[in-house]
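Source file protein.cif; content: mmCIF, C-alpha atoms.
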data_protein
#
loop_
_atom_site.label_atom_id
_atom_site.label_comp_id
_atom_site.auth_asym_id
_atom_site.auth_seq_id
_atom_site.Cartn_x
_atom_site.Cartn_y
_atom_site.Cartn_z
CA MET A 1 45.69 231.91 257.42
CA ALA A 2 44.05 232.75 260.75
CA GLU A 3 45.53 235.80 262.40
CA ARG A 4 44.76 237.26 265.79
CA ALA A 5 46.24 240.19 267.61
CA ASP A 6 46.09 240.53 271.36
CA GLU A 7 47.85 241.75 274.46
CA GLY A 8 49.44 239.26 276.81
CA ILE A 9 51.82 238.48 279.63
CA VAL A 10 54.77 236.16 278.97
CA LEU A 11 54.62 233.04 281.14
CA ARG A 12 57.66 231.17 279.88
CA SER A 13 59.74 230.57 276.79
CA TRP A 14 62.18 227.92 275.75
CA PRO A 15 64.59 227.51 272.83
CA ASN A 16 63.49 225.67 269.75
CA GLY A 17 65.56 224.55 266.78
CA GLU A 18 67.99 226.93 265.19
CA GLY A 19 67.70 230.24 267.00
CA HIS A 20 63.96 230.18 267.52
CA ALA A 21 61.89 229.98 270.69
CA ILE A 22 58.49 228.77 271.73
CA VAL A 23 56.69 231.18 274.00
CA SER A 24 53.66 230.74 276.19
CA VAL A 25 51.65 233.93 276.71
CA PHE A 26 48.54 234.52 278.79
CA SER A 27 46.48 236.83 276.63
CA ALA A 28 43.54 239.09 277.38
CA HIS A 29 41.04 237.62 274.93
CA HIS A 30 42.40 234.25 273.90
CA GLY A 31 43.70 232.84 277.18
CA ARG A 32 46.99 230.96 277.19
CA VAL A 33 48.46 231.01 273.70
CA GLN A 34 51.63 229.31 272.53
CA GLY A 35 53.56 230.01 269.39
CA LEU A 36 56.91 229.87 267.67
CA VAL A 37 58.87 233.11 267.84
CA LYS A 38 61.22 233.19 264.88
CA GLY A 39 64.64 234.47 265.91
CA GLY A 40 63.49 234.18 269.52
CA ASP A 41 67.06 233.51 270.57
CA LYS A 42 67.78 237.20 269.96
CA LYS A 43 64.61 238.35 271.71
CA LYS A 44 65.37 236.86 275.11
CA ALA A 45 64.99 240.20 276.90
CA LEU A 46 61.46 240.52 275.55
CA LEU A 47 60.52 236.92 276.35
CA GLN A 48 61.24 237.05 280.09
CA PRO A 49 58.36 235.97 282.35
CA GLY A 50 56.03 238.76 283.43
CA ASN A 51 56.73 241.07 280.49
CA LEU A 52 53.69 242.71 278.98
CA VAL A 53 53.58 242.26 275.20
CA THR A 54 51.32 242.82 272.25
CA PHE A 55 51.46 240.05 269.70
CA VAL A 56 50.11 238.69 266.46
CA HIS A 57 49.55 234.93 266.32
CA ARG A 58 49.29 233.37 262.87
CA ARG A 59 48.46 229.82 261.92
CA ARG A 60 46.79 228.00 259.09
CA LEU A 61 44.94 225.37 261.17
CA ASP A 62 43.71 225.41 264.75
CA SER A 63 45.74 222.30 265.49
CA GLN A 64 49.00 224.04 264.54
CA LEU A 65 51.34 225.82 266.92
CA GLY A 66 51.61 228.84 264.65
CA THR A 67 54.03 231.72 264.74
CA LEU A 68 53.87 234.48 267.29
CA SER A 69 55.32 237.94 266.69
CA PRO A 70 55.60 239.76 270.00
CA ASP A 71 56.33 243.43 270.67
CA LEU A 72 57.27 244.72 274.08
CA GLU A 73 54.60 246.86 275.73
CA LYS A 74 56.10 247.08 279.21
CA ASP A 75 59.29 245.52 280.52
CA ILE A 76 58.18 244.27 283.93
CA CYS A 77 61.14 241.95 284.48
CA GLY A 78 63.69 244.77 284.16
CA LEU A 79 61.78 246.90 286.65
CA VAL A 80 62.05 244.32 289.43
CA PHE A 81 65.39 242.81 288.44
CA TYR A 82 67.20 243.72 291.64
CA SER A 83 64.38 242.70 293.97
CA PRO A 84 64.78 238.97 294.76
CA ALA A 85 61.28 238.44 296.14
CA ARG A 86 59.54 240.21 293.27
CA LEU A 87 61.65 238.45 290.67
CA HIS A 88 60.86 235.09 292.26
CA MET A 89 57.18 236.07 292.23
CA LEU A 90 57.31 236.71 288.48
CA ARG A 91 58.95 233.37 287.93
CA TYR A 92 56.50 231.57 290.18
CA VAL A 93 53.43 233.20 288.67
CA GLY A 94 54.66 232.33 285.17
CA GLU A 95 55.19 228.72 286.17
CA LEU A 96 51.90 228.51 288.04
CA LEU A 97 49.82 229.86 285.17
CA TYR A 98 51.67 227.76 282.61
CA TYR A 99 50.55 224.64 284.43
CA ALA A 100 47.19 225.85 285.73
CA LEU A 101 45.59 227.50 282.72
CA PRO A 102 44.30 225.43 279.83
CA GLU A 103 45.31 226.55 276.34
CA GLU A 104 43.05 228.84 274.34
CA GLN A 105 40.56 229.35 277.17
CA PRO A 106 40.02 233.06 277.84
CA TYR A 107 39.83 234.41 281.39
CA PRO A 108 39.39 238.16 280.76
CA ARG A 109 38.68 239.09 284.40
CA PHE A 110 41.63 237.14 285.70
CA PHE A 111 43.80 238.67 282.98
CA ASP A 112 42.93 242.13 284.31
CA THR A 113 43.87 241.00 287.83
CA LEU A 114 47.17 239.61 286.59
CA ARG A 115 47.89 242.70 284.51
CA ARG A 116 47.36 244.89 287.56
CA PHE A 117 49.53 242.57 289.64
CA VAL A 118 52.53 242.69 287.30
CA THR A 119 52.31 246.39 286.43
CA GLU A 120 52.13 247.31 290.13
CA LEU A 121 54.68 244.73 291.23
CA ASN A 122 57.13 247.46 292.17
CA GLY A 123 54.60 248.90 294.63
CA ALA A 124 53.79 248.00 298.23
CA LYS A 125 52.03 244.98 299.77
CA THR A 126 53.31 242.56 297.12
CA TRP A 127 52.81 239.44 299.27
CA GLN A 128 49.26 240.44 300.04
CA ARG A 129 48.55 241.02 296.37
CA LEU A 130 50.12 237.68 295.48
CA ALA A 131 47.81 235.97 297.97
CA PHE A 132 44.74 237.58 296.41
CA LEU A 133 46.04 236.74 292.94
CA GLU A 134 46.18 233.06 293.94
CA LEU A 135 42.68 233.36 295.38
CA ASP A 136 41.40 234.92 292.14
CA LEU A 137 43.11 232.20 290.10
CA LEU A 138 41.39 229.51 292.16
CA GLY A 139 38.09 231.25 291.51
CA ALA A 140 38.79 231.47 287.76
CA LEU A 141 39.66 227.77 287.63
CA GLY A 142 36.45 226.75 289.39
CA PHE A 143 38.05 226.09 292.78
CA GLY A 144 36.84 229.35 294.33
CA LEU A 145 36.84 229.54 298.12
CA ALA A 146 33.69 230.59 299.99
CA LEU A 147 35.11 232.79 302.70
CA THR A 148 32.43 235.43 303.26
CA PRO A 149 30.08 235.21 306.28
CA GLU A 150 27.13 234.72 303.91
CA GLU A 151 28.70 231.61 302.37
CA ALA A 152 30.25 230.23 305.56
CA VAL A 153 29.14 227.40 307.83
CA THR A 154 28.15 229.26 310.98
CA ASP A 155 26.65 228.35 314.33
CA ALA A 156 23.78 229.71 316.39
CA HIS A 157 26.08 231.43 318.87
CA GLY A 158 27.78 233.61 316.30
CA SER A 159 31.34 232.44 316.98
CA PRO A 160 33.83 233.98 314.54
CA LEU A 161 34.90 232.37 311.28
CA TYR A 162 38.06 230.47 312.09
CA TYR A 163 38.53 227.48 309.77
CA VAL A 164 38.28 226.54 306.11
CA SER A 165 37.13 223.09 305.10
CA PRO A 166 39.93 221.45 303.05
CA LYS A 167 37.29 219.63 301.01
CA THR A 168 34.74 222.31 300.18
CA GLY A 169 36.81 225.48 300.56
CA ARG A 170 34.06 226.97 302.71
CA ALA A 171 34.78 229.04 305.81
CA VAL A 172 33.62 227.45 309.07
CA SER A 173 32.98 229.09 312.42
CA ARG A 174 35.20 228.22 315.38
CA GLU A 175 32.48 226.30 317.20
CA MET A 176 31.37 224.28 314.19
CA GLY A 177 34.93 223.44 313.16
CA MET A 178 36.39 222.68 316.59
CA PRO A 179 35.57 218.93 316.52
CA TYR A 180 37.57 218.66 313.25
CA HIS A 181 40.38 220.97 314.35
CA ASP A 182 43.18 218.69 313.14
CA LYS A 183 41.73 218.34 309.67
CA MET A 184 40.68 221.94 309.15
CA LEU A 185 42.77 224.70 307.58
CA LEU A 186 43.09 228.00 309.41
CA LEU A 187 41.20 230.95 307.94
CA PRO A 188 43.93 233.61 308.05
CA LYS A 189 43.32 237.18 309.13
CA LEU A 190 43.96 238.47 305.61
CA PHE A 191 40.97 236.50 304.34
CA GLY A 192 38.62 237.43 307.20
CA GLY A 193 39.78 235.16 310.03
CA VAL A 194 40.93 236.15 313.48
CA GLU A 195 44.58 235.06 313.45
CA GLY A 196 47.32 233.71 311.20
CA GLY A 197 49.97 235.33 309.05
CA PHE A 198 51.19 234.95 305.49
CA LEU A 199 52.39 231.40 305.99
CA ASP A 200 48.82 230.40 306.88
CA VAL A 201 47.56 232.36 303.89
CA PHE A 202 49.85 230.50 301.49
CA LYS A 203 49.22 227.19 303.23
CA LEU A 204 45.53 227.68 302.53
CA THR A 205 45.88 228.76 298.89
CA GLY A 206 48.63 226.17 298.39
CA HIS A 207 46.32 223.36 299.48
CA PHE A 208 43.69 224.26 296.90
CA LEU A 209 46.23 225.06 294.19
CA ARG A 210 47.60 221.55 294.61
CA VAL A 211 44.09 220.24 294.02
CA ALA A 212 43.68 222.50 290.97
CA LEU A 213 47.06 221.37 289.62
CA ALA A 214 46.30 217.67 290.14
CA GLU A 215 48.74 217.33 293.08
CA ARG A 216 51.62 218.93 291.18
CA ASP A 217 54.17 220.65 293.42
CA LEU A 218 55.81 223.81 292.16
CA PRO A 219 59.41 224.13 293.42
CA SER A 220 59.42 227.85 292.65
CA ARG A 221 56.57 228.33 295.15
CA LYS A 222 58.59 226.59 297.86
CA THR A 223 61.64 228.77 297.10
CA LEU A 224 59.48 231.90 297.11
CA LEU A 225 57.91 231.07 300.47
CA GLU A 226 61.33 230.33 301.97
CA LEU A 227 62.41 233.76 300.77
CA GLY A 228 59.27 235.32 302.25
CA THR A 229 59.76 233.58 305.59
CA LYS A 230 63.34 234.83 305.82
CA SER A 231 62.28 238.41 305.14
CA ASP A 232 59.15 238.09 307.31
CA PHE A 233 57.10 238.71 304.17
CA THR A 234 58.18 242.32 303.90
CA ASP A 235 58.43 243.97 300.47
CA ALA A 236 61.89 243.47 299.01
CA MET B 1 65.37 206.56 250.39
CA ILE B 2 68.14 207.84 252.67
CA PRO B 3 70.68 205.16 253.64
CA ALA B 4 70.23 204.14 257.26
CA PRO B 5 73.77 205.13 258.47
CA LEU B 6 73.41 208.57 256.90
CA GLU B 7 70.01 209.03 258.48
CA HIS B 8 71.49 208.00 261.81
CA LEU B 9 74.27 210.59 261.39
CA MET B 10 71.71 213.29 260.59
CA LYS B 11 69.68 212.34 263.63
CA GLN B 12 72.72 212.54 265.89
CA LEU B 13 73.77 215.89 264.42
CA SER B 14 70.29 217.34 264.81
CA ARG B 15 70.46 216.66 268.55
CA LEU B 16 73.36 219.07 268.94
CA PRO B 17 72.52 222.51 270.37
CA GLY B 18 71.93 225.10 267.68
CA LEU B 19 71.37 222.50 264.98
CA GLY B 20 67.96 221.57 263.70
CA PRO B 21 67.01 218.86 261.22
CA ARG B 22 67.77 221.07 258.20
CA SER B 23 71.23 222.11 259.36
CA ALA B 24 71.95 218.52 260.34
CA ARG B 25 71.00 217.35 256.85
CA ARG B 26 73.18 220.04 255.26
CA ALA B 27 76.13 219.14 257.48
CA ALA B 28 75.74 215.40 256.87
CA LEU B 29 75.57 215.88 253.10
CA HIS B 30 78.60 218.15 253.21
CA LEU B 31 80.53 215.46 255.12
CA MET B 32 79.40 212.88 252.56
CA VAL B 33 80.80 214.78 249.60
CA SER B 34 84.02 215.62 251.44
CA PRO B 35 85.47 212.39 252.85
CA SER B 36 88.55 214.17 254.20
CA ALA B 37 86.36 216.50 256.24
CA MET B 38 84.51 213.52 257.65
CA GLY B 39 87.77 211.81 258.57
CA ASN B 40 89.14 214.94 260.19
CA LEU B 41 85.95 215.45 262.15
CA ALA B 42 85.88 211.87 263.35
CA HIS B 43 89.54 212.11 264.34
CA ALA B 44 89.00 215.41 266.17
CA MET B 45 86.06 213.96 268.09
CA GLU B 46 88.06 210.92 269.01
CA GLU B 47 90.93 213.10 270.25
CA VAL B 48 88.61 215.21 272.36
CA ALA B 49 86.97 212.14 273.88
CA ARG B 50 90.37 210.65 274.67
CA GLN B 51 92.28 213.70 275.91
CA VAL B 52 89.94 216.38 277.18
CA THR B 53 88.66 216.05 280.70
CA THR B 54 86.51 218.05 283.10
CA CYS B 55 88.30 219.76 285.96
CA THR B 56 86.93 218.37 289.21
CA THR B 57 87.72 221.65 290.99
CA CYS B 58 86.06 224.23 288.77
CA GLY B 59 84.18 222.29 286.07
CA ASN B 60 86.26 223.74 283.21
CA VAL B 61 87.39 221.47 280.36
CA ASP B 62 91.11 220.99 279.83
CA LEU B 63 93.78 218.40 279.16
CA THR B 64 94.63 218.14 282.84
CA ASP B 65 92.70 217.82 286.07
CA PRO B 66 92.96 220.28 287.84
CA CYS B 67 92.88 222.58 284.82
CA ASN B 68 95.45 225.21 283.86
CA ILE B 69 93.39 228.02 285.38
CA CYS B 70 93.10 226.26 288.76
CA THR B 71 96.83 225.56 288.89
CA ASP B 72 97.99 228.95 287.61
CA ALA B 73 99.83 230.52 290.57
CA LYS B 74 99.63 233.99 288.98
CA ARG B 75 95.87 234.05 289.33
CA ASP B 76 94.16 235.67 292.29
CA GLY B 77 92.69 232.80 294.30
CA SER B 78 90.63 235.12 296.48
CA LEU B 79 88.35 236.01 293.55
CA LEU B 80 85.96 233.33 292.35
CA CYS B 81 83.78 233.93 289.32
CA VAL B 82 80.70 231.73 289.05
CA VAL B 83 79.56 231.08 285.46
CA GLU B 84 76.75 229.00 284.01
CA GLY B 85 78.78 227.00 281.51
CA VAL B 86 82.21 226.52 280.02
CA SER B 87 81.39 228.82 277.09
CA ASP B 88 80.77 231.63 279.59
CA LEU B 89 84.16 230.93 281.15
CA TRP B 90 85.74 231.21 277.71
CA ALA B 91 83.90 234.50 277.11
CA MET B 92 85.26 235.90 280.39
CA GLU B 93 88.75 234.74 279.46
CA ARG B 94 88.47 236.36 276.01
CA SER B 95 87.73 239.67 277.69
CA GLY B 96 91.03 239.43 279.58
CA ALA B 97 89.44 241.50 282.34
CA PHE B 98 89.39 238.86 285.05
CA ASN B 99 92.40 237.33 286.72
CA GLY B 100 90.74 235.22 289.40
CA ARG B 101 89.50 231.65 289.31
CA TYR B 102 86.25 230.21 288.05
CA HIS B 103 83.50 227.89 289.09
CA VAL B 104 81.27 226.39 286.40
CA LEU B 105 77.76 225.75 287.73
CA GLY B 106 76.63 223.53 284.88
CA GLY B 107 73.28 225.24 284.34
CA LEU B 108 70.70 227.44 286.01
CA LEU B 109 67.91 226.59 288.41
CA SER B 110 64.77 225.93 286.40
CA ALA B 111 61.73 224.24 287.81
CA LEU B 112 60.16 223.96 284.36
CA GLU B 113 63.24 222.23 282.99
CA GLY B 114 63.51 220.12 286.13
CA VAL B 115 66.89 221.55 287.17
CA GLY B 116 67.15 221.78 290.95
CA PRO B 117 70.02 222.74 293.30
CA ASP B 118 71.24 219.13 293.36
CA ASP B 119 71.73 219.17 289.59
CA LEU B 120 74.19 222.07 289.78
CA ARG B 121 77.73 222.11 291.17
CA LEU B 122 76.63 224.06 294.23
CA GLY B 123 78.09 221.67 296.80
CA GLN B 124 81.53 222.02 295.23
CA LEU B 125 81.15 225.81 295.23
CA LEU B 126 80.33 225.88 298.94
CA ALA B 127 83.25 223.53 299.64
CA ARG B 128 85.63 225.87 297.78
CA VAL B 129 84.37 228.87 299.73
CA GLU B 130 84.66 226.93 303.00
CA GLY B 131 88.31 226.38 302.11
CA GLY B 132 88.89 229.92 303.36
CA VAL B 133 90.95 231.29 300.44
CA VAL B 134 88.03 232.94 298.62
CA SER B 135 87.10 236.44 299.76
CA GLU B 136 84.74 237.45 296.94
CA VAL B 137 82.37 235.47 294.76
CA ILE B 138 81.36 237.17 291.51
CA LEU B 139 78.15 235.86 289.99
CA ALA B 140 78.52 236.17 286.21
CA LEU B 141 75.17 234.65 285.29
CA SER B 142 72.85 235.58 282.46
CA ALA B 143 70.65 238.65 282.82
CA SER B 144 67.43 236.68 282.79
CA VAL B 145 64.88 235.75 285.43
CA GLU B 146 66.46 232.30 285.69
CA GLY B 147 69.99 233.68 285.91
CA GLN B 148 69.07 236.27 288.49
CA THR B 149 67.00 233.95 290.69
CA THR B 150 69.81 231.38 290.60
CA GLY B 151 72.17 234.19 291.63
CA HIS B 152 69.93 235.11 294.56
CA PHE B 153 69.76 231.47 295.59
CA ILE B 154 73.56 231.16 295.58
CA ALA B 155 73.94 234.46 297.45
CA GLU B 156 71.60 233.13 300.18
CA LYS B 157 73.63 229.94 300.45
CA LEU B 158 76.88 231.91 300.71
CA LYS B 159 75.60 234.36 303.32
CA PRO B 160 76.65 232.27 306.36
CA HIS B 161 80.20 231.98 305.00
CA GLY B 162 80.84 235.71 305.27
CA VAL B 163 82.30 236.21 301.78
CA LYS B 164 81.52 239.21 299.63
CA VAL B 165 79.06 238.28 296.87
CA SER B 166 78.70 240.52 293.82
CA MET B 167 76.93 240.35 290.46
CA LEU B 168 77.95 241.66 287.07
CA ALA B 169 76.53 245.11 286.28
CA LYS B 170 73.54 245.27 284.00
CA GLY B 171 72.64 248.07 281.65
CA MET B 172 73.54 249.66 278.33
CA PRO B 173 75.76 247.74 275.92
CA MET B 174 78.70 249.45 274.19
CA GLY B 175 77.69 251.72 271.34
CA ALA B 176 74.01 251.79 272.26
CA ASP B 177 71.83 254.89 271.89
CA VAL B 178 69.66 255.87 274.83
CA ASP B 179 66.56 256.38 272.69
CA TYR B 180 66.75 252.80 271.41
CA MET B 181 66.95 251.29 274.89
CA ASP B 182 63.91 249.51 276.28
CA GLU B 183 62.61 250.75 279.60
CA GLY B 184 63.78 247.70 281.55
CA THR B 185 67.39 248.05 280.37
CA LEU B 186 67.31 251.79 281.06
CA ASN B 187 65.94 251.10 284.50
CA LEU B 188 68.76 248.64 285.20
CA ALA B 189 71.33 251.08 283.84
CA LEU B 190 69.97 253.85 286.05
CA THR B 191 69.91 251.60 289.11
CA GLY B 192 73.50 250.59 288.51
CA ARG B 193 74.77 254.07 287.57
CA MET B 194 78.28 255.10 288.59
CA ALA B 195 79.74 258.35 289.79
CA VAL B 196 82.18 259.94 287.31
#
Before anything else, please render the file you have as structure tokens.
Amino acid sequence: MAERADEGIVLRSWPNGEGHAIVSVFSAHHGRVQGLVKGGDKKKALLQPGNLVTFVHRRRLDSQLGTLSPDLEKDICGLVFYSPARLHMLRYVGELLYYALPEEQPYPRFFDTLRRFVTELNGAKTWQRLAFLELDLLGALGFGLALTPEEAVTDAHGSPLYYVSPKTGRAVSREMGMPYHDKMLLLPKLFGGVEGGFLDVFKLTGHFLRVALAERDLPSRKTLLELGTKSDFTDA
Amino acid sequence: MIPAPLEHLMKQLSRLPGLGPRSARRAALHLMVSPSAMGNLAHAMEEVARQVTTCTTCGNVDLTDPCNICTDAKRDGSLLCVVEGVSDLWAMERSGAFNGRYHVLGGLLSALEGVGPDDLRLGQLLARVEGGVVSEVILALSASVEGQTTGHFIAEKLKPHGVKVSMLAKGMPMGADVDYMDEGTLNLALTGRMAV
């Protein structure tokens, strides 16, 4: 019987059979792990997306689902329960990672980023941190954007970085990108550009996330961005 | 080895919520050894299929459409309690604490399960609120991320209609000790504390 203990963040859970649940957890050292939680029906509070847990995963063969025994380390969901935007973020991030991350593939650096994101979700600048989380996820998945001046496509006149190529993810200077203006994505101010707000930020990350997710649309992202637009992307 | 009709029965039973293959097998074998139980069950199911209907106003199940709750003149029509399913409506009724009317959503928004706003009875809810009788909508949805985000979604939709929207309080259950509470529940209880 193979047994492994780790720390993880709950991405999603769903009922299974008679009072059990299957849970998907993004763990620090084993990546996205799934397992059967016996009596999971009575552990719904623990199995909410975003909650930080420690767990033991047991299985006889690698091809088996195995059982997962989680213990709550930090209840993130309860801390942001009355904040619509933050709660939607938890839900969206859980859904995003469930689809984006392959099973059993560790991403220790991205786990640290995610851990910091969820544990500080009650703090300030949540939208900004969500944008950088998406950027880090793209990097972890091999779709990293090249937005620094050193990596960018620049011109001899030193015009500022203004665009991002939708194909290569590389920043492009205003002069070099101008002939392709209609096809280019705007490099928002948050990522080193000269103009553009959060909608441009999420339009940019959304474009590459769609590529990373094989054109899959996430409805929770759309709902979240509608919520952000209504509140002008202020912390709520 | 297992006769085909019996296997079919077990398969159908195992599809019911809360029943897995083992329970379905146990139930099917129990019905086999007790023919009267099987007859009674079949009769009861037939009766339900024939007589019980879904209320087109609130989504409750009853013998009449509109249901008894919707037609009860003693109930306060200005209070509308939104619940996820009929079992939640029954739970509210068991408590005896609510004397308004209900609206059964028929689920919660869940992108992963493929449940969107069009799959819920949201249009009917908005139509009832637009009727002008309702002054407060109480969202009695589960205390989960899905329940809460669905609640926020409904609250946003109801905003232009100018009705009061409230949610059930969240916090410590009856008889609970503070030192056994997890931090999230304690946080919710503190946020929703009341003056005494």
Considering all atoms listed in the file, extract the chain B residues located within 9 Å of chain A and return them as a VMD selection string.
-> chain B and resid 14 17 to 21 23 110 to 112 116 143 to 146 148 to 149 152 to 153 182 to 188 191
Picked residues, the PyMOL selection byres ((chain B and resi 137-140) around 9), expected as a PyMOL selection string = chain B and resi 78-84+88+92+129+134-136+141-143+147+151+154-155+158+163-168
Spatial neighbours of Gly196 in chain A, max dist 12 Å, only C-alpha atoms, sep filter under 4 positions, as a VMD selection string | chain A and resid 162 to 163 185 to 192 200 to 204
Quick one: pull the distance between CA of Tyr102 in chain B and CA of Gly85 in chain B, Å, one decimal.
-> 10.4 Å
From the list A:Glu104, A:Glu151, A:Asp6, A:Asp71, which residue is nearest Thr168 in chain A when using all atoms listed in the file?
->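 So, comparing all the options, the nearest one is A:Glu151.
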Residue contacts of range 125-132 of chain A (10 Å, all atoms listed in the file) excluding same-chain residues fewer than 6 positions away, as a PyMOL selection string = chain A and resi 85-86+89+93+113-114+116-118+138+190-191+198+201-202+204-206+225+228+233-236
Could you pull out every residue with an atom within 8 Å of (38.2, 223.5, 299.1), file coordinates, counting all atoms listed in the file, and send them as a VMD selection string?
-> chain A and resid 143 to 145 164 to 170 208
Mind listing whatever residues come within 12 Å of the point (51.7, 227.1, 265.8)? Use only C-alpha atoms, file coordinates, and give them as a PDB file with C-alpha atoms, keeping the file's coordinate frame.
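Below you can see result_25.pdb, which holds the result:
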ATOM      1  CA  MET A   1      45.690 231.910 257.420  1.00  0.00           C
ATOM      2  CA  ALA A   2      44.050 232.750 260.750  1.00  0.00           C
ATOM      3  CA  GLU A   3      45.530 235.800 262.400  1.00  0.00           C
ATOM      4  CA  ALA A  21      61.890 229.980 270.690  1.00  0.00           C
ATOM      5  CA  ILE A  22      58.490 228.770 271.730  1.00  0.00           C
ATOM      6  CA  VAL A  23      56.690 231.180 274.000  1.00  0.00           C
ATOM      7  CA  SER A  24      53.660 230.740 276.190  1.00  0.00           C
ATOM      8  CA  VAL A  33      48.460 231.010 273.700  1.00  0.00           C
ATOM      9  CA  GLN A  34      51.630 229.310 272.530  1.00  0.00           C
ATOM     10  CA  GLY A  35      53.560 230.010 269.390  1.00  0.00           C
ATOM     11  CA  LEU A  36      56.910 229.870 267.670  1.00  0.00           C
ATOM     12  CA  VAL A  37      58.870 233.110 267.840  1.00  0.00           C
ATOM     13  CA  LYS A  38      61.220 233.190 264.880  1.00  0.00           C
ATOM     14  CA  VAL A  56      50.110 238.690 266.460  1.00  0.00           C
ATOM     15  CA  HIS A  57      49.550 234.930 266.320  1.00  0.00           C
ATOM     16  CA  ARG A  58      49.290 233.370 262.870  1.00  0.00           C
ATOM     17  CA  ARG A  59      48.460 229.820 261.920  1.00  0.00           C
ATOM     18  CA  ARG A  60      46.790 228.000 259.090  1.00  0.00           C
ATOM     19  CA  LEU A  61      44.940 225.370 261.170  1.00  0.00           C
ATOM     20  CA  ASP A  62      43.710 225.410 264.750  1.00  0.00           C
ATOM     21  CA  SER A  63      45.740 222.300 265.490  1.00  0.00           C
ATOM     22  CA  GLN A  64      49.000 224.040 264.540  1.00  0.00           C
ATOM     23  CA  LEU A  65      51.340 225.820 266.920  1.00  0.00           C
ATOM     24  CA  GLY A  66      51.610 228.840 264.650  1.00  0.00           C
ATOM     25  CA  THR A  67      54.030 231.720 264.740  1.00  0.00           C
ATOM     26  CA  LEU A  68      53.870 234.480 267.290  1.00  0.00           C
ATOM     27  CA  SER A  69      55.320 237.940 266.690  1.00  0.00           C
TER      28      SER A  69
END
Which distance in Å separates CA of Arg75 in chain B and CA of Val61 in chain B, to one decimal?
-> 17.6 Å
Can you tell me how far CA of Gly8 in chain A sits from CA of Leu213 in chain A, in Å to one decimal?
->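 According to the coordinates, CA of Gly8 in chain A and CA of Leu213 in chain A are separated by 22.1 Å.
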Which residue, B:Thr56, B:Ala28, B:Leu126, B:Phe98, has the smallest gap to Pro3 in chain B when you use all atoms listed in the file?
-> B:Ala28
Each side padded by 4 Å, which centre and which edge lengths in Å (one decimal) define the axis-aligned box around the listed atoms of range 157-162 of chain A? Give them as lines of an AutoDock Vina configuration file.
center_x = 32.1
center_y = 232.2
center_z = 315.1
size_x = 20.0
size_y = 11.5
size_z = 15.6
Step by step, work through what the PyMOL selection byres ((chain A and resi 172) around 6) selects in the shown file, and finish by giving those residues as a list in words.
->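 On this input, the PyMOL selection byres ((chain A and resi 172) around 6) captures Ala152, Val153, Leu161, Tyr163, Val164, Ala171, Ser173 and Gly177 of chain A.
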Residue among B:Glu113, B:Met194, B:Glu130, B:Asp119 lying closest to Gly171 in chain B, counting all atoms listed in the file =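 Residue with the minimum atom-to-atom distance to Gly171 in chain B: B:Met194.
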Any idea what's packed within 10 Å of His30 in chain A, counting all atoms listed in the file, ignoring anything in its chain fewer than 5 positions away? Could you give it as a PyMOL selection string?
-> chain A and resi 4-8+25+103-108
Tell me which of B:Gly77, B:Gly107, B:Gly96, B:Gly114 sits closest to Gly131 in chain B, counting all atoms listed in the file.
-> B:Gly77
